[in-house]
Structure formats: C-alpha cells, structure tokens
Amino acid sequence: MNQNTNHASSLDNEEMSFNLKDKLALVTGASSGIGQFLSGALARAGAAVVLCARRGSRVAEEAHRLCNQGAVAKGIAMDVADTDSINAAFDQVCKEFGRYPDILVNCAGVALLKPFLEQTPEDLDSVIGVNLRGAFLVGQRAAAEMVKQGGGSIINVASTAGLRPGGFLSSYGASKAGLIHLSKVMAYELARNNVRVNVLCPGNIETDMHREFEEAGFAEALVKRIPQRRFGKSQDLVGATLLMASDAGSYMTGSVVVIDGGQIVNSI
C-alpha cells in the first residue's frame, strides 16, 4: 500500500492535467456549433488547432479570432464526404505544422428531422455520408498518421440518439449508432498502436442544429424528460473532451461518454 501511495504522490501533476501544450488538434465541423466551441476549448488548453469545415471562409475567420486571443490556429477547408478533400487538408496540415494531428475531434454532422416513411434514399445517403462515412474516412486518415507518429487520440462525436430511439430521427440515429460501433472497433484495432478512440455522446445541447427541434415545437416536451430540467450548453462538453484528448485519459479507449443531464437514465 505504501509503495502504491508513494508512486501516486510522485506522479507529475502535469501528466494528470488537461494540458495540451505541444499537441496538434484537428476538429471537423468547426465552422459552427459544438465543433466551433470545442476548437476554442482545445486552444485554451494549449493545443494548436486546425479548424476544418466545408465553409473554408468560416473556419478561417474563427481561426483568426482564436489567434487574436493568443492561440495557434489555422482554418482549412475540408469536405468529409470527399476523400480528395480530406487528403488535401491533411497534406496542408503537415505542410503548415511539419507533422500530422495528435488529436482528432470528428464533429462534422448533419441532422434530419423527418418521419421515417417520408425519408428518401437521398436523405439517408446524405446523413450517413457525413455522420458515419465522413467520420470513417477522416478517422482512417488521421489514425494512419498517428500510428506513424507513435500515437494519438480520436474523439468521435455521436449522440444519445445513437443509444436510444427518437421520433423522426431514423437516419440520424442510425448514423450515430453506427459511429458508436465503429469507434469501438477502431479502439480495439488501434490500441496496440497507442491510438485511443473514444466517443462523446451529447444529449440535447443548445446549438443551431438543436433549434430545429425548438422550431418544430418539441422543446417543451423534451426538457421535461431531462432529470436536470434544462438543455445542455456547449461548455458542458469541455471537461469530457479534454479528458479524452489529454494524457489524463491515457488508459481510456473504447469509452462512450454520455453528457445529457441524465436523460438516458430517465425512468419509463
């Protein structure tokens, strides 16, 4: 017991913190919402951050704003549904920083609020193409480079809609359920290469995407099913994200972290 206590007391406090100094993070879907907010959180924790989205001008503006606050940030256009765009973005990252990312946050996503019987094959392809296929492609490229560099952390942003059914969310829920399972397989296969893969599962977080639910008149009913009786805010996701991204979560892979105010454990 004494030996373990002494070992614990001798641990470098820096290793147990969320400090991301000398780390390079890439965030997809960083032009708005959760992706944009988490980019700033990673930057404030000390990481250099590459913000990626189809709207290159938007991420360039956000990167400029972060740089004005003392961060190291770069905005690069990337379409996660296009392998050429993904590869070009990663090549540009290496050219700009002399290496590839240590941290990937796969946050690019689209939502579709539509009854199952009304969804078209095009609707399904669009949602799966970004939320699942896009995360697969970006994660594959990032993981390949992380293996060469000696390790890294991948955080796939899913949703509680991938863990339990929600009305009018068949394509979206299926895409997020697939992403959760994909993440577990990635974690299993990449563990021996020192690449960790974990899942962030937000519940109802106040973003532009979430406002679709409010406009559809579902907000009042939704909040009553959340034990904390409120919708989440983007900052509620920061602690878990930094844990998974940093050395503080070094023994953490294949985990699914739910942040939803207790909604998923609500009683029948």
# chains A, B, ... in the order shown; residues from 1 in each chain; ligands from 1

$ residues_around --residues "Val27 in chain A" --least-positions-apart "3" --cutoff "6 Å" --atoms "only C-alpha atoms" --output "MDAnalysis selection string"
chainID A and resid 30 51:52 104:105

$ residues_around --residues "Arg196 in chain A" --least-positions-apart "3" --cutoff "6 Å" --atoms "only C-alpha atoms" --output "list in words"
Ser153, Ala187 and Thr253 of chain A

$ select_by_dssp --residues "range 28-81 of chain A" --states "alpha helix (DSSP H)" --output "PyMOL selection string"
chain A and resi 33-44+56-68

$ closest_residue --among "A:Val127, A:Ile259, A:Ala71, A:Ile103" --to "Leu26 in chain A" --atoms "only C-alpha atoms"
A:Ile103

$ closest_residue --among "A:Ala108, A:Lys74, A:Val199, A:Phe90" --to "Arg54 in chain A" --atoms "only C-alpha atoms"
A:Ala108

$ closest_residue --among "A:Ser175, A:Ser183, A:Ser39, A:Asn87" --to "Thr241 in chain A" --atoms "only C-alpha atoms"
A:Ser39

$ residues_around --residues "range 158-171 of chain A" --least-positions-apart "5" --cutoff "6 Å" --atoms "only C-alpha atoms" --output "ChimeraX atom specification"
/A:113-115,124,176-177,200-203

$ select_by_dssp --residues "range 61-246 of chain A" --states "strand (DSSP E or B)" --output "VMD selection string"
chain A and resid 73 to 77 103 to 106 152 to 157 195 to 202 205 232
